[in-house]
Each structure stands twice: as C-alpha cells, then as structure tokens.
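Reading through the structure tokens given below for one structure.
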Amino acid sequence: MRKDMAEVLVRTGPGTPMGRLMRRYWVPALLQSEISEPDCPPVRVPLLGERLLAFRDSQGQAGVVDEFCAHRRSSLFFGRNEEGGLRCSYHGWKYGVDGQCIELPSEPQTAPKVRIKAYPCVERGGIVWIYMGPADLKPAPPELEWCMVPDSHRYISKRWQESNYLQGMEGGIDTTHVSFVHRYELDRDALHMNAACKKYIKGDPNVVFTVQENASGMTIFGRRKGEEGSWYWRITQWIFPWFTLVPPTGPHPLAGHMWVPIDDENCWTWNINYYPTQPLSVEETREMEAGKGIHAPLIGGSFRPVANKSNDYLIDRQAQKARVMFSGVDGLGMQDASLQESMGPIVDRSLERLVQTDKAIVMARRRLHEAALAADARNLPALDPKEHHVRSASVLLEKDADVQSWAREALVADQRNPLYSL
Amino acid sequence: MRKDMAEVLVRTGPGTPMGRLMRRYWVPALLQSEISEPDCPPVRVPLLGERLLAFRDSQGQAGVVDEFCAHRRSSLFFGRNEEGGLRCSYHGWKYGVDGQCIELPSEPQTAPKVRIKAYPCVERGGIVWIYMGPADLKPAPPELEWCMVPDSHRYISKRWQESNYLQGMEGGIDTTHVSFVHRYELDRDALHMNAACKKYIKGDPNVVFTVQENASGMTIFGRRKGEEGSWYWRITQWIFPWFTLVPPTGPHPLAGHMWVPIDDENCWTWNINYYPTQPLSVEETREMEAGKGIHAPLIGGSFRPVANKSNDYLIDRQAQKARVMFSGVDGLGMQDASLQESMGPIVDRSLERLVQTDKAIVMARRRLHEAALAADARNLPALDPKEHHVRSASVLLEKDADVQSWAREALVADQRNPLYSL
Amino acid sequence: MRKDMAEVLVRTGPGTPMGRLMRRYWVPALLQSEISEPDCPPVRVPLLGERLLAFRDSQGQAGVVDEFCAHRRSSLFFGRNEEGGLRCSYHGWKYGVDGQCIELPSEPQTAPKVRIKAYPCVERGGIVWIYMGPADLKPAPPELEWCMVPDSHRYISKRWQESNYLQGMEGGIDTTHVSFVHRYELDRDALHMNAACKKYIKGDPNVVFTVQENASGMTIFGRRKGEEGSWYWRITQWIFPWFTLVPPTGPHPLAGHMWVPIDDENCWTWNINYYPTQPLSVEETREMEAGKGIHAPLIGGSFRPVANKSNDYLIDRQAQKARVMFSGVDGLGMQDASLQESMGPIVDRSLERLVQTDKAIVMARRRLHEAALAADARNLPALDPKEHHVRSASVLLEKDADVQSWAREALVADQRNPLYSL
C-alpha cells in the first residue's frame, strides 16, 4: 500500500479524513455499567484522539464532555458529580450533560456564556454511544441485531488494545487465520464447537474468498472444502465503519466486534456475544465473565488484559510444543491481539506481501479510503441503520448452490430466521 | 493568553528570557538536611533545566556544581566526597566546592586549568540557595521572614510536582479556590482553624480582588463578606520571582511556598510554616512531619508524594460523596497538585476562560512577562532583600476602612507586629 | 571531538558509515545456549538497530532472520519452530534458517518467491555469529584465542548496557581507571590477584601510554612504576571492530570483552574468561556464574543486570566510605557500566577535556572513523582472522628493555607461549 493511503487509513484525530468519516457514525464510547447510577463518579473516555469524560447526572442522563474545565483547564475527573451536573473542584464551575455551564460561583452572570464540548449520547445494547460529527448530519442510532435484543440475550466486554484500530479490524475481517493461531483453540473452547466445522477449518487453510460489496460495507464469503460435493462457507459481515460479525462455529452465541480508535496507536476492542431469540445461560455468562471465548481476563479495575505486550502475553512454550495452543498464547482474543500488536503500534503497510486470502482486507481498505476522502458526503455506507440488519453465518452448501442468493434472505437479522451456524 | 507570551513564561532553561530572569535571584536548591554533614554523599539537584550536584566538603562548605566530570562526562554522583573535595570515581579527578579541579592524578600540571560549573551558595532558613546569574549582578541573600527566624520557629518540606512551576504558583496566588477544593479540609485540618474564618470562606466564593503592585511583586487583597458591616480580607503576598505567602485561617503558624522549576514540565514545590516570635510546638512539628497541612506524605527516600498522578492521588470517591473531601483527594498540598498537574505538564493557556477572580494571576503573568523581557535590567522587582520583609494576613475590617492603608504598617515583617490571622 | 566525527562513530544502523563498517565483520549475535536445541523457542536478537530473531531448526541449524513475517508483519517470535522451519502463527507462512519461505498454505505456488532477511551464521566459541554485510566480502570466521579453545577452557556472559557501544569500548581500552574505580576491588576479588601487581596499580595512577598500531587494531602499552629499575607494563589489545583483551593481574584466567551495538543507545557487553591450555576449575566457573569478576549478577530470565541505572546500581555509600568499594558500586563490570551509563546514552564528546592518558582512546576513535569512512574498502583492519592471534599481558621489565620487541613474540596467541600475567 502506498504510504499516503496508509496515512489516511490510520489517522483518526479531529480534522483528519478518517477522523471526519468516523465522526459521521455513532461511536461506542463506554459500557453503560461504567456509569451505572445517577451522580456516579465520572469516567475518563479517551476516544479518537480526544480526551473526554463520561458521567450520569442526578436525573440519570448520560453525558460525555470535554475532560477539562473551560476556566483554567483542570480535569473534571476530580470534580463532584451531584445536583444536576459535574462541578470542577478547583473553583466550582458546574456543567450539565450538554456541556452548558450552569453555575459559575464567582461570576454568576458569566455562566450562561460558557460551555464545554459535549457530544449527544444514546444508550442502546448496554453501551453509551456518542455522536461526534456535524449536528445536521447525525444519523439514527445503530440497529445491529445485538443492540436490539434484551439485555439477557447479550454479553459485552471491551479491552484496551495496543495497536491502531485497523490492525485489529483487519483481523476481524480475516477468517483465514482461524486455521492457524486459533487452531487448537477449536478443541479447547468451552463454547460448543461443532465437530464438522472443526474438521473443515483445520482441513483447508486455503480459503477462497468472494466479497460482496453492499450499502452497509461488505459481506465476505470464505469457502473451504466441506463434505464430498459440498463447500463449507464462513460468512463474515463488515459494517461501516468498525463493526465485524464473526462466522459461528457451532450452536453457541453469535459473536461480533467493534474496533474503535482510542488514539492512533491504541484502540478499544469490543467483544459481543448474543442470541437473537433466547437468553444466554448462566454458565455461558459465567464463562464470558471469566474471559473465555472472544473475551479476555482483565487486570482488575481496568480494561487492560492480564496477558499483554509487556509480559509477552504469558506465552507458554510448553503448551505451544504440546499443540494445546498454536502460538503458546491463551484465548481467542489475546491470540489475535498478540499478533496484531506485535506488528508495532502502526504497522508499515508498504512492507507487506499480500496474497489472495487478503482480498477482503484489501477491499475494506479501499472502501474506507474512498469513504474517508468523501467523509463530508451525504451517502456514506451504513448511515441508514436498516443496513445493520444482517448476520454472520457458517453453512455447508452443495457445490453448485449460489451462496450469495442463499445469503440474501438467510442472513437478514430477523427473529424468524434460524441461525446458520455449522 | 497569546502563545508567544505563554512560551516566555514557562521556559526557564539557560538562555531563555524567563531563565535569565530567575537566574538573577537566589534559587532555593535543596534542604540543608540533604547534605547534613561534611563529606556526606553528593545529591543530585535538577534545577531550571540544569543537572547539578550538591555536596558538603570536609570543611563543611556546601557546593553546588555541574553533575558531570570535565574529563569524560561521567557523573560525579558516583564520586567520593572526601579530603576537601569530590573525586570522580572514573579517573580520580577531584573538584572543590568552587568547581576548581584540585587534583588530576595522571597530569598534575593540568589540574589548575580545569574547572566545572559551580554556583555560589548561601545557607539560610534551612535551605542551600545558589546564585546562577552573572557574577556582577548577584543580589544580597533572601530575607523573607521565615528565613530569618531561628530554626525552632520553622518547618520546611519540598515535593516534586509534575507540572510547570507557573501552574503551581498561580494556585499560590489564588485564594478563591480555598472555598472549593479545600472546603471540607477547613473542617478537618488539625492546625487550629478559626471558626469565623471558616464561615466567611465557605459562605462567599465570590471573592473581589484588589491588587497592589509594589517593589517586591504584588500584595493581593481578596475580599469576602464578613459580619454585618464588615469585610473579611485575605491578603496574599507574591514576591518575585517564586515566593508566595498564604493568608492564615487561624492562630496557627504562618505559611508560604516557593515554586521553582526543575525543568519546564516539573517543579519543586516548597512548603514553609513558621512563627515570627515563637517556636513550633512538638505536636505541630509532628503533624508537619506526617505530611499534614500544606505538607504531604512522601515516598520514603524521595521527594515524590505518596498520592500522585500515577495513582490518581488515591482519590476516595466515598469520602468525596460524604463531603469529607471536596474532590476525594486528601490534604491541602495534594488537592492543589492534583488539579494543577491534571492540566498536563504545560497547560495550553490559549484555551483558558479567565474571569475577575483571576485578576491577580493575570497581573502576575504580566509582571513576570515584562520582567523576563527586561531580565538583564538592573532594577528588577525584589532584588533588594528589604523588599522581602512582608507578611500575609487575614483580617475583619469595617466596610469603610482603607485596607491598603491598614496593610502598610500591619503587614511589615517586624517582630513587634502581631500576626493578623483571623 | 567535532560533532560530525562523533556522529559517524556512534551511529550504527543500516546505511550509516559505522554501520556499514561493522557489517563487514562477523557479529556476535547470541550465546549458543540461548538456542540450545533443535526446534527450541525463537529468541529476539536486537542488533545494530535491526530487530532479528534467532532459532535452531529441526536439523540443528541456527538461523538469524528478520523478526517479522513477510506477509502482514506480525512477529515470528510468536511462531512455531518445528519440522524444518519457523511458522508464523497468524497464517502459517513458514521459513527456513536461510529466510526462504518454504510453505505458504493458502497459495503454495507463491512460497518460493517469498523470503525474509536472513544472515549467514557460524557457531564458534559458544557464540552464534552472523554476517550482515555484502555476500562477496564475507571474511573468514573470527579466530580469537578464546574462540578456539575447548568449551571447558572458557566462560562467557553478556549483559545489556544502557549506553552507546563506544562508551563501553573506550572503558575497555583504558587501563588508567583500574587505579580508581576498581581500586578496592583489587583487594576483594576472588580471582587470585597478584600482590605486586596490586601495589603497582595502586601506587601509580600516572600511566604513560605507548600505542602501536597494527593490522588488527592497536596494542596499547600502559607503563606504571614497578620495582626499582623496572617498569610495570599492562598491555591491552584492541581488535577491530569491538574486541578488547584485558591485561591480567595475576594467575587467573585471561579476560576479554566485545562491545556490540544493540541500537545507538544500548549495547551488548560480552565478557569472556579463558585459559589457553587448561580448563577452568569448578570453583572458577561457579564464581563466574555467580556474577563475580568481570561478570555481573543478572535479573533472572534476562540479560539485565540486577544493579542497574534505575536503582543507582545499588550504590552502597557506607562501603564507599569504608573504602571497600571505591564508588560504592559492587563488581568490576557494574563499576564500569555505572560510570559509562552515567554519561547518558550518547555522551556529548564535544564537551570532553582529554588528557595524555586518553591517548589510546583518541587513536582508536581516529582509526574507527577512518575505517568507517572507508567501510567499503577491501583492506580494513582485522579482516584476516590470523590477525586475531594475540594476547593481552602484564609484565615487569627492566627500564631499558624494549617492550614492543618483547611483545612481538610473547603476545602471540600460541599454546607454546606462557601467559605473562603479573
């Protein structure tokens, strides 16, 4: 990739093309549980190169505002959240969730003229989303299937990833690597792996890709050898600008991710499991809370994984040798993160050697690049949340079946549709 | 504030305007107790962007010299302090407190031609002061009242602050914030708070300022509502270039600070308590040693506070909620430091929104800026140590009293004057 | 030294003059014991500003290759070393010790066209050496005496030094400092110090240098007062580009070092002890393993010394005062490292004040500089490994003896020659 194109893709701060593009969408900012009660302590939210603060006011309204007081720039993190707003501890200036200064003790008449940056919030799917773009271009809130199901049907975690968001998201688009770094995980995972599926994934690393571009992003069809006369299809959804839906490998909950810049060298990796029409079992929830599956054990009181770059992800060379873990790193999430972070915070893509299995990645980069250059346009992909109504799937089809025709109806996120999850 | 003016104010290295200004004054370099004995170990002294080393020679003379040997630039920190000088451990070159090389074993005849940077020292008030400016412009040593009292009357501590000196000093000039971040501290502090004073401070955050410029810097009169028909005045002294004297809040020791650059992103915050005419009690000293009042508990063997930026100052959200601590941070010193450091190492003052309670800060910045641009002039403020002979005070006066006239005699640092400390 | 000359000396990355020079020689990359078995885990090898990975394949062949996969630049550190090569964990690309891609699962026909950087290796003297220069200019492998003796005769350690290689190597060239920083070590060291030798070193810090330039580098004759009518000579060998041989101080093993850039702010300090014709005793080996002599105790699982810059090398001021350790730092190796690292990662040599005892250092710098500027020439020093066949020595000679004539035969590394080790 040309260096100038790579620069466009990885820079997401205010005023950058990609930064402007991302600010046209609702941004997942934090878990609702991080500000679970009225007047709870404020929480720092570093996002897209901005330093923000989230709080919930006395009426229960969530607010995401500039971290710093308009007066002399001390951090509102040390402020008091009470009686309808967040008060700076230095000189008592107080702000509402909309950033309006509602009290300026030493000069009451000045208060109405003062405000700090504040972004509109919506709460949906266990997440506080913010809109950081131009007011007149604000789209309707996200409608991914996992957003719309009851809380009982869904489990979400997030972790701090030490790489640019794109390195993470490219992993989410890429089904090929499942045959390698996750290879032995298929045998270990507690989440109901399908035996046939395991066989197909292990048996054929030579994935052939068909990519269908659509108004939400791309549907990525990865074909492996199935049974005699059939193909095993794994179908990933990539939805603008940071959603991926993982093809399932058995009768377990569906899975997805979001890859959201903290700054250009770090990102939030969000991990979602859900059932469209049934609650997660107690045991499933317990496993997820323990960091199994796509989740990861976190350092208490933080979103940093226990196994991380500074400790070589607790690599276990004996488990690697014994074929218990392919790379010696434990867990699907940290297996991906270790490789993505190992490239450095921002990989030099001019040094890559891409092959046909990178087809979906190449196309996603191209679409992101085009959209970034058109970031002020009105017709960007996935602006209409109806375009979110899709699912991932895995399925065994006759060799002469038309998978794209099949997918057209089967992958609509509709409660009446069964899960295709071989 | 314009960015170019801000740059002048915050840059203090050699050759900068503010650096040249500060080098026209005696600089508090370290506590005498850090080099308490002849031939004691040398101590690193980072100051105004320079890396210096302090030691005390066999005759008990203090020296503050370049940290590095003239020969091959290894650190004299690893040197031997003995027999009249500090000897580099690498090849045995030895230096006196004046920086003169007094022994160069392999080439004795070369020694007299070699010297390292050394600054004149005076010891006063428990502190080793150095003069880093042009020899012919050296002023007389400082004569602040707390410098001139017997050691028994004074307690001094210092701590490493992770911000530019000006962010600290602006806090020292600003009495308004006492009504907020220190609000509940007024109820908790062990140091004899006056009940009326508490009432006035809590009752009126709307401080009206009168600033009187004078030859030492500024006297800052902060007016709050007192009793019917009277004003409660809190009077702060700011003395060039880094001294502040805190208005008292009861019959406790007087207090002051010095805000001295380590480099442009860190400063030494010095904390002084003293009585003009009586010794500190055993209990007062014990409290100060424990980090109470304006002092702070330090990490053993260092001047780093236990509660610091890396641990969010051990913020206690429950104590915040319960109105035991306004921000949840404990102690006057760390309450200030947490807010000042939260702005970042060098706050972007072009983003501020100043109001009338910032009047004294605005004036101090302007005077510092003017003086920095005139740093080579002969008539800078507070060069004559007689101008140090002032006190801070707090007092209740009739509304029609002329506080400035009153202050003219009352605030002279003269043993015959009582403390005004309501 | 002029800044431009200093820059040439300290910069060793790809494409720099000094980097090109060093790449004309075999580079000590790692201990053989770090990759002790076929199919062992790969080991990161940062060297001359490059990030490399060493492994040993199923046939026992050592390989040192680029750390990153050609495909999408994830680190091969997380790869699987098995069945004849190192396989990337991300998508299964597999490489041989020669950097050739020998398997590319999703596109087998592409594999032969893919390779990653790989350097030729030789194993000798307990070390894996690599050649990083132009293929047609590869010299014969090193033949330093310690390389050629049986393993039983030799002990080698390495440690990470937090300074440019040249600061370390200049210490290795410089015998003068032994009279100072190592002064009391002479009394403590377990390794059989000669009593007369101690007396001469302590008695005369005023070393007079004669430097003989030769085809391997330089032989450095340091003269101190011996007995009446005799000189005590300490003779150091400096061999291009990073070998030094330490003059012995008694009937203990000979010693040498290598000073090899990790990057421009860090270097590997290699420490070698050996006997030309006899094995090390069990006790000697035990002492060396414990970090005595020129070795240093290391933090388990790393090559970082226990006493290091971050902890002021555990300086013991009481031991310093009591003249047990000259600088208070323990051990020959860390005594040197503490001073060399104290200069900063890259010392500013324009600030030095050199004297006659720095003569050998000045000459070594000049020769390195000349060679760096001629790095592409065919006749660089020490390219022919026969030029490695020299020893260090210490000897007491009549004042009128010609030490250089004496050395011509006595210092040849020939088993028939006795050790001169007073």
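The chains in the structure tokens are called A, B, ... from first to last as shown; in each chain the residues are counted from 1, and the ligands are counted from 1 in the order shown.
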For chain C, which residues have at least one atom within 6 Å of chain B, if we go by only C-alpha atoms? Write them as a list in words, please.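 Putting it all together, I get His177, Phe180, Val181, Pro205, Asn206, Ser327, Leu339, Ser342, Met343, Glu352, Arg353 and Leu354 of chain C.
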I want to know what sits within 10 Å of Gly85 (chain B), based on only C-alpha atoms, with residues of the same chain fewer than 4 positions away left out; could you give that as a PyMOL selection string? chain B and resi 39+55-59+61+63+79-81+93-103
Using only C-alpha atoms, which residues sit within 9 Å of region 136-153 of chain C once same-chain residues fewer than 5 positions away are excluded, as a short mmCIF file (atom, residue, chain, number, x, y, z; two decimals) with N, CA and C atoms, in the first residue's frame?
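For reference, out19.cif as written:
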data_model
loop_
_atom_site.label_atom_id
_atom_site.label_comp_id
_atom_site.auth_asym_id
_atom_site.auth_seq_id
_atom_site.Cartn_x
_atom_site.Cartn_y
_atom_site.Cartn_z
N ARG C 24 30.93 -5.46 8.03
CA ARG C 24 31.97 -6.16 7.27
C ARG C 24 32.61 -7.26 8.12
N TYR C 25 32.25 -7.33 9.41
CA TYR C 25 32.84 -8.31 10.33
C TYR C 25 31.76 -9.27 10.82
N TRP C 26 32.17 -10.43 11.31
CA TRP C 26 31.23 -11.34 11.95
C TRP C 26 30.77 -10.71 13.26
N VAL C 122 27.73 -18.59 11.83
CA VAL C 122 28.70 -19.63 12.23
C VAL C 122 28.63 -19.73 13.75
N ARG C 124 30.86 -20.65 17.04
CA ARG C 124 32.25 -20.79 17.45
C ARG C 124 32.42 -20.14 18.81
N GLY C 125 33.13 -20.82 19.68
CA GLY C 125 33.43 -20.23 20.98
C GLY C 125 32.21 -20.01 21.83
N GLY C 126 31.16 -20.86 21.62
CA GLY C 126 29.97 -20.73 22.46
C GLY C 126 29.02 -19.65 21.99
N ILE C 127 29.32 -19.07 20.83
CA ILE C 127 28.56 -17.93 20.33
C ILE C 127 28.04 -18.21 18.93
N TRP C 129 27.54 -16.38 15.62
CA TRP C 129 27.97 -15.16 14.94
C TRP C 129 27.19 -15.02 13.64
N TYR C 131 26.84 -12.73 9.85
CA TYR C 131 27.48 -11.80 8.92
C TYR C 131 26.38 -11.00 8.23
N PRO C 253 42.34 -16.61 34.96
CA PRO C 253 42.05 -16.71 33.52
C PRO C 253 42.24 -15.37 32.83
N LEU C 254 42.61 -15.43 31.56
CA LEU C 254 42.65 -14.22 30.74
C LEU C 254 41.22 -13.71 30.55
N ALA C 255 41.13 -12.44 30.15
CA ALA C 255 39.80 -11.84 30.05
C ALA C 255 39.71 -10.98 28.79
N GLY C 256 38.52 -10.89 28.29
CA GLY C 256 38.27 -10.02 27.13
C GLY C 256 36.82 -9.61 27.09
N ILE C 272 34.34 -12.34 28.59
CA ILE C 272 34.94 -13.66 28.33
C ILE C 272 36.10 -13.90 29.29
N ASN C 273 36.13 -15.07 29.89
CA ASN C 273 37.30 -15.54 30.63
C ASN C 273 37.76 -16.85 30.00
N TYR C 274 39.07 -17.06 29.96
CA TYR C 274 39.55 -18.33 29.38
C TYR C 274 41.00 -18.60 29.79
N TYR C 275 41.34 -19.88 29.72
CA TYR C 275 42.75 -20.29 29.77
C TYR C 275 43.11 -20.85 28.40
N PRO C 276 44.26 -20.52 27.87
CA PRO C 276 44.65 -21.09 26.57
C PRO C 276 44.84 -22.60 26.61
N THR C 277 45.34 -23.14 27.72
CA THR C 277 45.76 -24.56 27.69
C THR C 277 45.22 -25.39 28.85
N GLN C 278 44.27 -24.87 29.59
CA GLN C 278 43.74 -25.68 30.70
C GLN C 278 42.28 -25.32 30.93
N PRO C 279 41.51 -26.26 31.47
CA PRO C 279 40.10 -25.94 31.76
C PRO C 279 39.97 -25.01 32.97
N LEU C 280 38.89 -24.30 33.01
CA LEU C 280 38.54 -23.53 34.20
C LEU C 280 38.23 -24.51 35.32
N SER C 281 38.55 -24.15 36.53
CA SER C 281 38.23 -25.04 37.65
C SER C 281 36.74 -24.92 37.96
N ARG C 378 38.49 -2.81 0.65
CA ARG C 378 38.80 -4.24 0.81
C ARG C 378 39.84 -4.50 1.91
N LEU C 383 40.51 -8.04 9.09
CA LEU C 383 39.63 -8.87 8.25
C LEU C 383 40.17 -10.29 8.17
N ASP C 384 41.50 -10.39 8.18
CA ASP C 384 42.12 -11.72 8.17
C ASP C 384 42.17 -12.24 9.60
N PRO C 385 41.48 -13.33 9.90
CA PRO C 385 41.39 -13.78 11.30
C PRO C 385 42.75 -14.14 11.90
N LYS C 386 43.78 -14.31 11.09
CA LYS C 386 45.12 -14.54 11.67
C LYS C 386 45.53 -13.36 12.54
N GLU C 387 44.99 -12.22 12.21
CA GLU C 387 45.32 -11.02 12.99
C GLU C 387 44.67 -11.05 14.38
N HIS C 388 43.83 -12.02 14.61
CA HIS C 388 43.21 -12.16 15.94
C HIS C 388 44.13 -12.89 16.92
N HIS C 389 45.24 -13.44 16.42
CA HIS C 389 46.04 -14.36 17.24
C HIS C 389 46.97 -13.61 18.19
N VAL C 390 46.38 -12.82 19.07
CA VAL C 390 47.19 -12.07 20.02
C VAL C 390 46.61 -12.23 21.42
N ARG C 391 47.44 -11.86 22.40
CA ARG C 391 47.03 -11.91 23.79
C ARG C 391 47.27 -10.55 24.46
N ALA C 413 49.24 -15.51 20.32
CA ALA C 413 48.34 -16.49 20.94
C ALA C 413 48.72 -17.88 20.44
N ASP C 414 49.72 -18.42 21.06
CA ASP C 414 50.25 -19.73 20.66
C ASP C 414 50.33 -20.57 21.92
#
Could you find all residues in region 33-211 of chain C that DSSP calls strand (DSSP E) from the backbone, and write them as a PyMOL selection string? chain C and resi 43-47+50-56+62-66+80-82+85-87+94-95+101-103+118-119+121-124+127-131+154-161+208-211
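The shell of residues at most 10 Å from Ile173 (chain C), with only C-alpha atoms counted and near chain neighbours (fewer than 2 positions) removed, consists of C:Gly168, C:Met169, C:Glu170, C:Gly171, C:Thr175, C:Thr176, C:Met218, C:Thr219, C:Ile220, C:Ile235, C:Thr236, C:Gln237, C:Trp238, C:Phe243, C:Thr244, C:Leu245, C:Val246, C:Asp358, C:Lys359, C:Ala360, C:Ile361, C:Ala364.
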